Amino acid sequence: MDYLQSAELAAREAGKYILSNLGKVKQVSFKSQQSNLVTEVDKKSEEIIIETLQKDFPDFDILAEESGASSTKNSEFMWVIDPLDGTTNFTHGLPIFSVSIGLIKGNEVIAGVVYDPTRDQLFSAEKGKGAFLNGKRISVSKTKDIKKSLLVTGFPYNVEENPDFCFERFVIMTQNSRAVRRLGSAALDFAYVAAGIFDGFWEVKLNPWDIAAGLLLVNEAGGKVTNFKGEDSDIFNPQILASNGQIHNKMIELLELAEQIHFNL
Ligand code: IPD
Ligand code: CA
Ligand code: CA
């Protein structure tokens, strides 16, 4: 098995398990904030993924959301895993969630899979080989005019503190685009930019497991991923701007404008 096959298998196995538990969540716990949920399904999904990946690649390091850096084998390879991206949606029975698995070598993502079990949609990419949805090549949209764009964002769990002026940013993007959606699964937000459904996605305070697979998908689909200043981004940079490339500079301009509005400049 190669990396991608193994990641696909793990994502499908976990996705099947998650789907079979939709609407059946019995116990919800909280992480740091009241809005940051975790269920037994997140944890079990993570176990399924790690077990599957370790069968093929026992020596690779792992960074997974629920168990952290569970193996420190000092390998140059590391799987970065979000076992259930969209836990809040899942807990409420809203069928918008995914499994995200990325593989990094050094600081670079070399393979990634985002799987939506509700639609049986598997987004995959390998460095230098393009991005795919269920085996068919995908590419970002060609939209040049931000006024005609469909954008997506998400809010961090401490949203009530308005970190990084996220409310002002939401308002200004809404005023300047066709619409802004908020799906609740960052991995799917990236995947939909890669597939040309969304023209752009921005969010602050993301974690490496939210970003890894999605970042590669967008890059391999011909898009662009940076921070809000337009500088190259990696999975350890929590501030993400992913787009079709065409509206990237305009998005940066608007994101900056929101900061000025916040301070009444
Ligand atoms: C969350 C989702 C959401 C994003 C949050 C993430 P989780 O991940 O990706 O879209 O807005 O910042 O933490 O907790 O459901 O894995
Ligand atoms: Ca997540
Ligand atoms: Ca998660």
# chains A, B, ... in the order shown; residues from 1 in each chain; ligands from 1
$ residues_around --residues "region 85-98 of chain A" --least-positions-apart "4" --cutoff "6 Å" --atoms "only C-alpha atoms" --output "list in words"
Gly23, Tyr115, Asp116, Gly184 and Ser185 of chain A
$ residues_around --residues "region 159-164 of chain A" --least-positions-apart "6" --cutoff "9 Å" --atoms "only C-alpha atoms" --output "PDB file with N, CA and C atoms, in the first residue's frame"
ATOM      1  N   VAL A 204      -9.226  31.981  11.380  1.00  0.00           N
ATOM      2  CA  VAL A 204      -8.106  32.151  12.310  1.00  0.00           C
ATOM      3  C   VAL A 204      -8.161  31.027  13.338  1.00  0.00           C
ATOM      4  N   LYS A 205      -7.054  30.776  13.970  1.00  0.00           N
ATOM      5  CA  LYS A 205      -6.979  29.813  15.072  1.00  0.00           C
ATOM      6  C   LYS A 205      -7.266  28.373  14.670  1.00  0.00           C
ATOM      7  N   GLU A 259      -9.603  45.193   9.926  1.00  0.00           N
ATOM      8  CA  GLU A 259      -8.777  45.568  11.073  1.00  0.00           C
ATOM      9  C   GLU A 259      -8.873  47.084  11.296  1.00  0.00           C
TER      10      GLU A 259
END
$ residues_around --residues "Thr174 (chain A)" --least-positions-apart "3" --cutoff "12 Å" --atoms "only C-alpha atoms" --output "list in words"
Ile146, Lys147, Lys148, Ser149, Leu150, Leu151, Val152, Thr153, Phe167, Glu168, Arg169, Phe170, Val171, Ser177, Arg178, Ala179, Val180, Arg181, Arg182, Met251, Leu254, Leu255 and Ala258 of chain A
$ write_last_selection --atoms "N, CA and C atoms" --output "PDB file, in the first residue's frame"
ATOM      1  N   ILE A 146     -14.534  39.321  -7.001  1.00  0.00           N
ATOM      2  CA  ILE A 146     -14.952  38.902  -5.652  1.00  0.00           C
ATOM      3  C   ILE A 146     -16.455  39.090  -5.442  1.00  0.00           C
ATOM      4  N   LYS A 147     -17.027  40.053  -6.152  1.00  0.00           N
ATOM      5  CA  LYS A 147     -18.477  40.300  -6.025  1.00  0.00           C
ATOM      6  C   LYS A 147     -19.276  39.080  -6.490  1.00  0.00           C
ATOM      7  N   LYS A 148     -18.666  38.254  -7.333  1.00  0.00           N
ATOM      8  CA  LYS A 148     -19.361  37.065  -7.848  1.00  0.00           C
ATOM      9  C   LYS A 148     -18.916  35.806  -7.111  1.00  0.00           C
ATOM     10  N   SER A 149     -18.187  35.971  -6.020  1.00  0.00           N
ATOM     11  CA  SER A 149     -17.611  34.796  -5.359  1.00  0.00           C
ATOM     12  C   SER A 149     -18.498  34.260  -4.233  1.00  0.00           C
ATOM     13  N   LEU A 150     -18.365  32.961  -4.011  1.00  0.00           N
ATOM     14  CA  LEU A 150     -18.992  32.316  -2.849  1.00  0.00           C
ATOM     15  C   LEU A 150     -17.869  31.962  -1.879  1.00  0.00           C
ATOM     16  N   LEU A 151     -17.948  32.534  -0.694  1.00  0.00           N
ATOM     17  CA  LEU A 151     -16.860  32.380   0.283  1.00  0.00           C
ATOM     18  C   LEU A 151     -17.322  31.566   1.483  1.00  0.00           C
ATOM     19  N   VAL A 152     -16.363  31.112   2.256  1.00  0.00           N
ATOM     20  CA  VAL A 152     -16.702  30.353   3.467  1.00  0.00           C
ATOM     21  C   VAL A 152     -15.711  30.714   4.568  1.00  0.00           C
ATOM     22  N   THR A 153     -16.187  30.653   5.791  1.00  0.00           N
ATOM     23  CA  THR A 153     -15.316  30.898   6.934  1.00  0.00           C
ATOM     24  C   THR A 153     -15.770  30.058   8.114  1.00  0.00           C
ATOM     25  N   PHE A 167     -15.547  39.190  13.654  1.00  0.00           N
ATOM     26  CA  PHE A 167     -16.890  39.684  13.276  1.00  0.00           C
ATOM     27  C   PHE A 167     -16.796  40.742  12.170  1.00  0.00           C
ATOM     28  N   GLU A 168     -15.873  41.686  12.332  1.00  0.00           N
ATOM     29  CA  GLU A 168     -15.702  42.718  11.304  1.00  0.00           C
ATOM     30  C   GLU A 168     -15.332  42.060   9.961  1.00  0.00           C
ATOM     31  N   ARG A 169     -14.507  41.037  10.043  1.00  0.00           N
ATOM     32  CA  ARG A 169     -14.083  40.363   8.811  1.00  0.00           C
ATOM     33  C   ARG A 169     -15.271  39.667   8.144  1.00  0.00           C
ATOM     34  N   PHE A 170     -16.114  39.071   8.952  1.00  0.00           N
ATOM     35  CA  PHE A 170     -17.309  38.404   8.413  1.00  0.00           C
ATOM     36  C   PHE A 170     -18.204  39.436   7.709  1.00  0.00           C
ATOM     37  N   VAL A 171     -18.397  40.584   8.344  1.00  0.00           N
ATOM     38  CA  VAL A 171     -19.278  41.621   7.778  1.00  0.00           C
ATOM     39  C   VAL A 171     -18.721  42.118   6.451  1.00  0.00           C
ATOM     40  N   SER A 177     -19.061  40.066  -1.347  1.00  0.00           N
ATOM     41  CA  SER A 177     -19.104  38.820  -2.125  1.00  0.00           C
ATOM     42  C   SER A 177     -20.560  38.488  -2.461  1.00  0.00           C
ATOM     43  N   ARG A 178     -20.755  37.383  -3.152  1.00  0.00           N
ATOM     44  CA  ARG A 178     -22.142  36.947  -3.412  1.00  0.00           C
ATOM     45  C   ARG A 178     -22.750  36.436  -2.117  1.00  0.00           C
ATOM     46  N   ALA A 179     -21.984  35.669  -1.366  1.00  0.00           N
ATOM     47  CA  ALA A 179     -22.434  35.180  -0.051  1.00  0.00           C
ATOM     48  C   ALA A 179     -21.259  34.586   0.706  1.00  0.00           C
ATOM     49  N   VAL A 180     -21.409  34.546   2.021  1.00  0.00           N
ATOM     50  CA  VAL A 180     -20.423  33.863   2.863  1.00  0.00           C
ATOM     51  C   VAL A 180     -21.141  32.750   3.613  1.00  0.00           C
ATOM     52  N   ARG A 181     -20.627  31.540   3.519  1.00  0.00           N
ATOM     53  CA  ARG A 181     -21.197  30.401   4.243  1.00  0.00           C
ATOM     54  C   ARG A 181     -20.332  30.072   5.452  1.00  0.00           C
ATOM     55  N   ARG A 182     -20.928  29.350   6.377  1.00  0.00           N
ATOM     56  CA  ARG A 182     -20.165  28.870   7.536  1.00  0.00           C
ATOM     57  C   ARG A 182     -20.571  27.430   7.785  1.00  0.00           C
ATOM     58  N   MET A 251      -9.047  39.541  -1.330  1.00  0.00           N
ATOM     59  CA  MET A 251      -9.418  39.041   0.005  1.00  0.00           C
ATOM     60  C   MET A 251      -8.464  39.590   1.070  1.00  0.00           C
ATOM     61  N   LEU A 254      -9.435  43.138   1.861  1.00  0.00           N
ATOM     62  CA  LEU A 254     -10.652  43.242   2.684  1.00  0.00           C
ATOM     63  C   LEU A 254     -10.397  42.789   4.123  1.00  0.00           C
ATOM     64  N   LEU A 255      -9.594  41.745   4.270  1.00  0.00           N
ATOM     65  CA  LEU A 255      -9.281  41.265   5.628  1.00  0.00           C
ATOM     66  C   LEU A 255      -8.533  42.351   6.410  1.00  0.00           C
ATOM     67  N   ALA A 258     -10.882  45.239   7.511  1.00  0.00           N
ATOM     68  CA  ALA A 258     -11.676  44.907   8.706  1.00  0.00           C
ATOM     69  C   ALA A 258     -10.928  45.321   9.973  1.00  0.00           C
TER      70      ALA A 258
END
$ select_by_dssp --residues "region 8-240 of chain A" --states "alpha helix (DSSP H)" --output "mmCIF file with N, CA, C and O atoms, in the first residue's frame"
data_model
loop_
_atom_site.group_PDB
_atom_site.id
_atom_site.type_symbol
_atom_site.label_atom_id
_atom_site.label_comp_id
_atom_site.auth_asym_id
_atom_site.auth_seq_id
_atom_site.Cartn_x
_atom_site.Cartn_y
_atom_site.Cartn_z
ATOM 1 N N GLU A 8 -6.638 6.660 2.552
ATOM 2 C CA GLU A 8 -8.014 6.521 2.033
ATOM 3 C C GLU A 8 -8.756 5.420 2.781
ATOM 4 O O GLU A 8 -9.905 5.578 3.176
ATOM 5 N N LEU A 9 -8.070 4.309 2.968
ATOM 6 C CA LEU A 9 -8.683 3.191 3.678
ATOM 7 C C LEU A 9 -9.053 3.596 5.105
ATOM 8 O O LEU A 9 -10.173 3.352 5.577
ATOM 9 N N ALA A 10 -8.106 4.254 5.777
ATOM 10 C CA ALA A 10 -8.349 4.689 7.159
ATOM 11 C C ALA A 10 -9.522 5.665 7.219
ATOM 12 O O ALA A 10 -10.393 5.566 8.098
ATOM 13 N N ALA A 11 -9.563 6.605 6.281
ATOM 14 C CA ALA A 11 -10.632 7.615 6.281
ATOM 15 C C ALA A 11 -11.986 6.960 6.004
ATOM 16 O O ALA A 11 -13.006 7.310 6.621
ATOM 17 N N ARG A 12 -12.007 6.013 5.099
ATOM 18 C CA ARG A 12 -13.279 5.330 4.788
ATOM 19 C C ARG A 12 -13.770 4.497 5.976
ATOM 20 O O ARG A 12 -14.955 4.490 6.296
ATOM 21 N N GLU A 13 -12.851 3.783 6.600
ATOM 22 C CA GLU A 13 -13.222 2.968 7.775
ATOM 23 C C GLU A 13 -13.792 3.855 8.879
ATOM 24 O O GLU A 13 -14.833 3.571 9.468
ATOM 25 N N ALA A 14 -13.077 4.952 9.158
ATOM 26 C CA ALA A 14 -13.520 5.866 10.211
ATOM 27 C C ALA A 14 -14.853 6.511 9.816
ATOM 28 O O ALA A 14 -15.770 6.631 10.643
ATOM 29 N N GLY A 15 -14.967 6.905 8.562
ATOM 30 C CA GLY A 15 -16.195 7.555 8.080
ATOM 31 C C GLY A 15 -17.406 6.649 8.224
ATOM 32 O O GLY A 15 -18.496 7.082 8.626
ATOM 33 N N LYS A 16 -17.204 5.363 7.913
ATOM 34 C CA LYS A 16 -18.301 4.378 8.038
ATOM 35 C C LYS A 16 -18.759 4.308 9.496
ATOM 36 O O LYS A 16 -19.946 4.314 9.812
ATOM 37 N N TYR A 17 -17.784 4.270 10.376
ATOM 38 C CA TYR A 17 -18.091 4.191 11.812
ATOM 39 C C TYR A 17 -18.834 5.450 12.275
ATOM 40 O O TYR A 17 -19.843 5.370 12.987
ATOM 41 N N ILE A 18 -18.344 6.628 11.864
ATOM 42 C CA ILE A 18 -18.972 7.892 12.289
ATOM 43 C C ILE A 18 -20.425 7.928 11.805
ATOM 44 O O ILE A 18 -21.352 8.228 12.573
ATOM 45 N N LEU A 19 -20.609 7.607 10.538
ATOM 46 C CA LEU A 19 -21.955 7.662 9.948
ATOM 47 C C LEU A 19 -22.931 6.740 10.677
ATOM 48 O O LEU A 19 -24.099 7.085 10.889
ATOM 49 N N SER A 20 -22.436 5.575 11.072
ATOM 50 C CA SER A 20 -23.317 4.620 11.757
ATOM 51 C C SER A 20 -23.725 5.135 13.140
ATOM 52 O O SER A 20 -24.626 4.582 13.771
ATOM 53 N N GLU A 40 -17.520 10.358 22.240
ATOM 54 C CA GLU A 40 -16.839 9.060 22.189
ATOM 55 C C GLU A 40 -16.560 8.663 20.735
ATOM 56 O O GLU A 40 -15.627 7.912 20.444
ATOM 57 N N VAL A 41 -17.350 9.222 19.817
ATOM 58 C CA VAL A 41 -17.170 8.915 18.390
ATOM 59 C C VAL A 41 -15.859 9.527 17.852
ATOM 60 O O VAL A 41 -15.150 8.885 17.069
ATOM 61 N N ASP A 42 -15.533 10.744 18.306
ATOM 62 C CA ASP A 42 -14.247 11.351 17.906
ATOM 63 C C ASP A 42 -13.100 10.425 18.302
ATOM 64 O O ASP A 42 -12.177 10.171 17.526
ATOM 65 N N LYS A 43 -13.182 9.938 19.541
ATOM 66 C CA LYS A 43 -12.062 9.144 20.079
ATOM 67 C C LYS A 43 -11.934 7.790 19.381
ATOM 68 O O LYS A 43 -10.847 7.354 19.015
ATOM 69 N N LYS A 44 -13.079 7.140 19.189
ATOM 70 C CA LYS A 44 -13.062 5.815 18.537
ATOM 71 C C LYS A 44 -12.627 5.944 17.069
ATOM 72 O O LYS A 44 -11.875 5.100 16.566
ATOM 73 N N SER A 45 -13.100 7.001 16.417
ATOM 74 C CA SER A 45 -12.707 7.232 15.023
ATOM 75 C C SER A 45 -11.182 7.377 14.940
ATOM 76 O O SER A 45 -10.537 6.817 14.038
ATOM 77 N N GLU A 46 -10.633 8.103 15.894
ATOM 78 C CA GLU A 46 -9.172 8.292 15.902
ATOM 79 C C GLU A 46 -8.442 6.950 16.079
ATOM 80 O O GLU A 46 -7.435 6.683 15.428
ATOM 81 N N GLU A 47 -8.986 6.114 16.955
ATOM 82 C CA GLU A 47 -8.368 4.790 17.165
ATOM 83 C C GLU A 47 -8.373 3.977 15.871
ATOM 84 O O GLU A 47 -7.389 3.327 15.517
ATOM 85 N N ILE A 48 -9.510 4.016 15.170
ATOM 86 C CA ILE A 48 -9.631 3.261 13.908
ATOM 87 C C ILE A 48 -8.575 3.736 12.906
ATOM 88 O O ILE A 48 -7.886 2.940 12.258
ATOM 89 N N ILE A 49 -8.453 5.059 12.802
ATOM 90 C CA ILE A 49 -7.508 5.630 11.829
ATOM 91 C C ILE A 49 -6.072 5.237 12.178
ATOM 92 O O ILE A 49 -5.315 4.749 11.330
ATOM 93 N N ILE A 50 -5.712 5.436 13.433
ATOM 94 C CA ILE A 50 -4.328 5.163 13.833
ATOM 95 C C ILE A 50 -3.995 3.677 13.641
ATOM 96 O O ILE A 50 -2.943 3.314 13.106
ATOM 97 N N GLU A 51 -4.924 2.828 14.020
ATOM 98 C CA GLU A 51 -4.696 1.379 13.863
ATOM 99 C C GLU A 51 -4.476 1.021 12.391
ATOM 100 O O GLU A 51 -3.554 0.266 12.056
ATOM 101 N N THR A 52 -5.291 1.584 11.526
ATOM 102 C CA THR A 52 -5.190 1.282 10.092
ATOM 103 C C THR A 52 -3.857 1.786 9.524
ATOM 104 O O THR A 52 -3.153 1.054 8.807
ATOM 105 N N LEU A 53 -3.505 3.023 9.867
ATOM 106 C CA LEU A 53 -2.267 3.598 9.316
ATOM 107 C C LEU A 53 -1.032 2.865 9.843
ATOM 108 O O LEU A 53 -0.063 2.639 9.111
ATOM 109 N N GLN A 54 -1.104 2.476 11.111
ATOM 110 C CA GLN A 54 0.079 1.840 11.707
ATOM 111 C C GLN A 54 0.339 0.434 11.183
ATOM 112 O O GLN A 54 1.459 -0.060 11.266
ATOM 113 N N LYS A 55 -0.717 -0.182 10.626
ATOM 114 C CA LYS A 55 -0.502 -1.509 10.020
ATOM 115 C C LYS A 55 0.480 -1.378 8.869
ATOM 116 O O LYS A 55 1.352 -2.225 8.676
ATOM 117 N N ASP A 56 0.321 -0.327 8.067
ATOM 118 C CA ASP A 56 1.175 -0.152 6.891
ATOM 119 C C ASP A 56 2.454 0.614 7.191
ATOM 120 O O ASP A 56 3.478 0.390 6.560
ATOM 121 N N THR A 87 -17.416 18.329 14.737
ATOM 122 C CA THR A 87 -18.039 17.628 15.871
ATOM 123 C C THR A 87 -19.344 18.291 16.316
ATOM 124 O O THR A 87 -20.305 17.598 16.664
ATOM 125 N N THR A 88 -19.384 19.621 16.291
ATOM 126 C CA THR A 88 -20.622 20.301 16.711
ATOM 127 C C THR A 88 -21.772 19.910 15.775
ATOM 128 O O THR A 88 -22.863 19.554 16.237
ATOM 129 N N ASN A 89 -21.529 19.943 14.471
ATOM 130 C CA ASN A 89 -22.560 19.522 13.508
ATOM 131 C C ASN A 89 -22.986 18.081 13.790
ATOM 132 O O ASN A 89 -24.180 17.769 13.867
ATOM 133 N N PHE A 90 -22.003 17.211 13.918
ATOM 134 C CA PHE A 90 -22.278 15.790 14.143
ATOM 135 C C PHE A 90 -23.133 15.589 15.399
ATOM 136 O O PHE A 90 -24.114 14.830 15.393
ATOM 137 N N THR A 91 -22.783 16.270 16.460
ATOM 138 C CA THR A 91 -23.492 16.123 17.736
ATOM 139 C C THR A 91 -24.962 16.531 17.605
ATOM 140 O O THR A 91 -25.839 15.951 18.232
ATOM 141 N N CYS A 166 -12.807 38.889 14.066
ATOM 142 C CA CYS A 166 -13.485 37.967 13.145
ATOM 143 C C CYS A 166 -14.902 38.423 12.779
ATOM 144 O O CYS A 166 -15.365 38.133 11.682
ATOM 145 N N PHE A 167 -15.547 39.190 13.654
ATOM 146 C CA PHE A 167 -16.890 39.684 13.276
ATOM 147 C C PHE A 167 -16.796 40.742 12.170
ATOM 148 O O PHE A 167 -17.550 40.701 11.198
ATOM 149 N N GLU A 168 -15.873 41.686 12.332
ATOM 150 C CA GLU A 168 -15.702 42.718 11.304
ATOM 151 C C GLU A 168 -15.332 42.060 9.961
ATOM 152 O O GLU A 168 -15.786 42.472 8.902
ATOM 153 N N ARG A 169 -14.507 41.037 10.043
ATOM 154 C CA ARG A 169 -14.083 40.363 8.811
ATOM 155 C C ARG A 169 -15.271 39.667 8.144
ATOM 156 O O ARG A 169 -15.411 39.686 6.924
ATOM 157 N N PHE A 170 -16.114 39.071 8.952
ATOM 158 C CA PHE A 170 -17.309 38.404 8.413
ATOM 159 C C PHE A 170 -18.204 39.436 7.709
ATOM 160 O O PHE A 170 -18.694 39.196 6.597
ATOM 161 N N VAL A 171 -18.397 40.584 8.344
ATOM 162 C CA VAL A 171 -19.278 41.621 7.778
ATOM 163 C C VAL A 171 -18.721 42.118 6.451
ATOM 164 O O VAL A 171 -19.428 42.158 5.434
ATOM 165 N N ILE A 172 -17.450 42.452 6.427
ATOM 166 C CA ILE A 172 -16.897 43.070 5.215
ATOM 167 C C ILE A 172 -16.854 42.068 4.049
ATOM 168 O O ILE A 172 -17.102 42.425 2.897
ATOM 169 N N MET A 173 -16.592 40.814 4.343
ATOM 170 C CA MET A 173 -16.599 39.794 3.284
ATOM 171 C C MET A 173 -18.027 39.580 2.769
ATOM 172 O O MET A 173 -18.245 39.393 1.580
ATOM 173 N N THR A 174 -18.981 39.616 3.668
ATOM 174 C CA THR A 174 -20.381 39.440 3.267
ATOM 175 C C THR A 174 -20.818 40.596 2.362
ATOM 176 O O THR A 174 -21.515 40.397 1.362
ATOM 177 N N GLN A 175 -20.380 41.808 2.693
ATOM 178 C CA GLN A 175 -20.758 42.978 1.892
ATOM 179 C C GLN A 175 -20.113 42.971 0.505
ATOM 180 O O GLN A 175 -20.616 43.615 -0.402
ATOM 181 N N ASN A 176 -19.013 42.245 0.368
ATOM 182 C CA ASN A 176 -18.262 42.321 -0.887
ATOM 183 C C ASN A 176 -18.291 41.065 -1.753
ATOM 184 O O ASN A 176 -17.598 41.003 -2.765
ATOM 185 N N ALA A 186 -13.724 22.730 8.796
ATOM 186 C CA ALA A 186 -12.666 23.435 8.062
ATOM 187 C C ALA A 186 -12.077 22.562 6.950
ATOM 188 O O ALA A 186 -11.758 23.047 5.868
ATOM 189 N N ALA A 187 -11.959 21.252 7.217
ATOM 190 C CA ALA A 187 -11.387 20.356 6.204
ATOM 191 C C ALA A 187 -12.263 20.342 4.949
ATOM 192 O O ALA A 187 -11.755 20.356 3.816
ATOM 193 N N LEU A 188 -13.589 20.365 5.147
ATOM 194 C CA LEU A 188 -14.488 20.415 3.985
ATOM 195 C C LEU A 188 -14.429 21.778 3.304
ATOM 196 O O LEU A 188 -14.549 21.866 2.090
ATOM 197 N N ASP A 189 -14.243 22.843 4.096
ATOM 198 C CA ASP A 189 -14.115 24.183 3.500
ATOM 199 C C ASP A 189 -12.948 24.193 2.504
ATOM 200 O O ASP A 189 -13.080 24.676 1.379
ATOM 201 N N PHE A 190 -11.820 23.659 2.931
ATOM 202 C CA PHE A 190 -10.658 23.562 2.022
ATOM 203 C C PHE A 190 -11.009 22.707 0.792
ATOM 204 O O PHE A 190 -10.700 23.070 -0.341
ATOM 205 N N ALA A 191 -11.608 21.550 1.053
ATOM 206 C CA ALA A 191 -11.891 20.607 -0.039
ATOM 207 C C ALA A 191 -12.817 21.255 -1.078
ATOM 208 O O ALA A 191 -12.645 21.061 -2.290
ATOM 209 N N TYR A 192 -13.771 22.053 -0.605
ATOM 210 C CA TYR A 192 -14.706 22.710 -1.532
ATOM 211 C C TYR A 192 -14.044 23.858 -2.289
ATOM 212 O O TYR A 192 -14.479 24.191 -3.391
ATOM 213 N N VAL A 193 -13.011 24.464 -1.707
ATOM 214 C CA VAL A 193 -12.239 25.442 -2.489
ATOM 215 C C VAL A 193 -11.488 24.681 -3.593
ATOM 216 O O VAL A 193 -11.477 25.085 -4.754
ATOM 217 N N ALA A 194 -10.896 23.554 -3.218
ATOM 218 C CA ALA A 194 -10.152 22.747 -4.201
ATOM 219 C C ALA A 194 -11.059 22.298 -5.344
ATOM 220 O O ALA A 194 -10.639 22.236 -6.502
ATOM 221 N N PRO A 208 -3.207 22.221 13.330
ATOM 222 C CA PRO A 208 -2.555 21.486 12.233
ATOM 223 C C PRO A 208 -3.453 20.405 11.617
ATOM 224 O O PRO A 208 -3.441 20.208 10.396
ATOM 225 N N TRP A 209 -4.267 19.741 12.441
ATOM 226 C CA TRP A 209 -5.112 18.648 11.908
ATOM 227 C C TRP A 209 -6.300 19.179 11.101
ATOM 228 O O TRP A 209 -6.860 18.457 10.300
ATOM 229 N N ASP A 210 -6.684 20.460 11.328
ATOM 230 C CA ASP A 210 -7.734 21.057 10.487
ATOM 231 C C ASP A 210 -7.172 21.407 9.109
ATOM 232 O O ASP A 210 -7.902 21.489 8.124
ATOM 233 N N ILE A 211 -5.864 21.661 9.075
ATOM 234 C CA ILE A 211 -5.239 22.281 7.902
ATOM 235 C C ILE A 211 -4.563 21.272 6.958
ATOM 236 O O ILE A 211 -4.645 21.410 5.732
ATOM 237 N N ALA A 212 -3.888 20.257 7.532
ATOM 238 C CA ALA A 212 -2.891 19.484 6.758
ATOM 239 C C ALA A 212 -3.399 19.001 5.393
ATOM 240 O O ALA A 212 -2.863 19.395 4.348
ATOM 241 N N ALA A 213 -4.426 18.168 5.392
ATOM 242 C CA ALA A 213 -4.885 17.597 4.119
ATOM 243 C C ALA A 213 -5.454 18.690 3.206
ATOM 244 O O ALA A 213 -5.188 18.710 1.991
ATOM 245 N N GLY A 214 -6.197 19.616 3.789
ATOM 246 C CA GLY A 214 -6.862 20.661 3.010
ATOM 247 C C GLY A 214 -5.895 21.587 2.296
ATOM 248 O O GLY A 214 -6.116 21.980 1.149
ATOM 249 N N LEU A 215 -4.810 21.914 2.975
ATOM 250 C CA LEU A 215 -3.805 22.806 2.379
ATOM 251 C C LEU A 215 -3.248 22.197 1.087
ATOM 252 O O LEU A 215 -3.151 22.857 0.053
ATOM 253 N N LEU A 216 -2.936 20.905 1.158
ATOM 254 C CA LEU A 216 -2.404 20.238 -0.038
ATOM 255 C C LEU A 216 -3.466 20.161 -1.142
ATOM 256 O O LEU A 216 -3.165 20.382 -2.326
ATOM 257 N N LEU A 217 -4.713 19.859 -0.753
ATOM 258 C CA LEU A 217 -5.790 19.777 -1.747
ATOM 259 C C LEU A 217 -5.895 21.069 -2.552
ATOM 260 O O LEU A 217 -5.965 21.050 -3.780
ATOM 261 N N VAL A 218 -5.908 22.206 -1.831
ATOM 262 C CA VAL A 218 -6.071 23.496 -2.526
ATOM 263 C C VAL A 218 -4.855 23.791 -3.412
ATOM 264 O O VAL A 218 -4.999 24.172 -4.580
ATOM 265 N N ASN A 219 -3.668 23.573 -2.884
ATOM 266 C CA ASN A 219 -2.476 23.826 -3.705
ATOM 267 C C ASN A 219 -2.453 22.936 -4.947
ATOM 268 O O ASN A 219 -2.167 23.394 -6.044
ATOM 269 N N GLU A 220 -2.781 21.670 -4.764
ATOM 270 C CA GLU A 220 -2.729 20.731 -5.894
ATOM 271 C C GLU A 220 -3.861 20.950 -6.897
ATOM 272 O O GLU A 220 -3.786 20.504 -8.030
#
$ residues_around --residues "Lys144 (chain A)" --least-positions-apart "3" --cutoff "10 Å" --atoms "only C-alpha atoms" --output "list in words"
Ser141, Lys147, Lys148, Ser149, Asp199, Asn244, Gly245, Gln246, Ile247, His248 and Lys250 of chain A
$ write_last_selection --atoms "N, CA and C atoms" --output "tab-separated table (two decimals), in the first residue's frame"
chain	number	residue	atom	x	y	z
A	141	SER	N	-11.91	27.23	-8.81
A	141	SER	CA	-12.76	28.01	-9.71
A	141	SER	C	-11.94	29.05	-10.48
A	147	LYS	N	-17.03	40.05	-6.15
A	147	LYS	CA	-18.48	40.30	-6.02
A	147	LYS	C	-19.28	39.08	-6.49
A	148	LYS	N	-18.67	38.25	-7.33
A	148	LYS	CA	-19.36	37.06	-7.85
A	148	LYS	C	-18.92	35.81	-7.11
A	149	SER	N	-18.19	35.97	-6.02
A	149	SER	CA	-17.61	34.80	-5.36
A	149	SER	C	-18.50	34.26	-4.23
A	199	ASP	N	-14.98	29.90	-3.71
A	199	ASP	CA	-13.88	30.62	-4.34
A	199	ASP	C	-12.80	30.99	-3.32
A	244	ASN	N	-8.92	30.53	-4.86
A	244	ASN	CA	-8.63	30.10	-6.23
A	244	ASN	C	-7.42	30.85	-6.81
A	245	GLY	N	-6.83	31.73	-6.02
A	245	GLY	CA	-5.66	32.49	-6.49
A	245	GLY	C	-6.09	33.82	-7.10
A	246	GLN	N	-7.15	33.80	-7.87
A	246	GLN	CA	-7.60	34.99	-8.61
A	246	GLN	C	-8.11	36.09	-7.68
A	247	ILE	N	-8.79	35.71	-6.61
A	247	ILE	CA	-9.36	36.73	-5.73
A	247	ILE	C	-8.53	36.89	-4.44
A	248	HIS	N	-7.36	36.27	-4.43
A	248	HIS	CA	-6.55	36.23	-3.21
A	248	HIS	C	-6.18	37.63	-2.71
A	250	LYS	N	-7.49	40.51	-3.38
A	250	LYS	CA	-8.67	41.28	-2.96
A	250	LYS	C	-9.11	40.83	-1.57
$ decode --residues "region 164-168 of chain A" --atoms "N, CA, C and O atoms" --output "mmCIF file, in the first residue's frame"
data_model
loop_
_atom_site.group_PDB
_atom_site.id
_atom_site.type_symbol
_atom_site.label_atom_id
_atom_site.label_comp_id
_atom_site.auth_asym_id
_atom_site.auth_seq_id
_atom_site.Cartn_x
_atom_site.Cartn_y
_atom_site.Cartn_z
ATOM 1 N N ASP A 164 -9.052 38.412 16.650
ATOM 2 C CA ASP A 164 -8.632 38.791 15.292
ATOM 3 C C ASP A 164 -9.740 39.473 14.496
ATOM 4 O O ASP A 164 -9.849 39.274 13.290
ATOM 5 N N PHE A 165 -10.571 40.234 15.171
ATOM 6 C CA PHE A 165 -11.674 40.992 14.527
ATOM 7 C C PHE A 165 -12.511 40.103 13.617
ATOM 8 O O PHE A 165 -12.871 40.480 12.509
ATOM 9 N N CYS A 166 -12.807 38.889 14.066
ATOM 10 C CA CYS A 166 -13.485 37.967 13.145
ATOM 11 C C CYS A 166 -14.902 38.423 12.779
ATOM 12 O O CYS A 166 -15.365 38.133 11.682
ATOM 13 N N PHE A 167 -15.547 39.190 13.654
ATOM 14 C CA PHE A 167 -16.890 39.684 13.276
ATOM 15 C C PHE A 167 -16.796 40.742 12.170
ATOM 16 O O PHE A 167 -17.550 40.701 11.198
ATOM 17 N N GLU A 168 -15.873 41.686 12.332
ATOM 18 C CA GLU A 168 -15.702 42.718 11.304
ATOM 19 C C GLU A 168 -15.332 42.060 9.961
ATOM 20 O O GLU A 168 -15.786 42.472 8.902
#
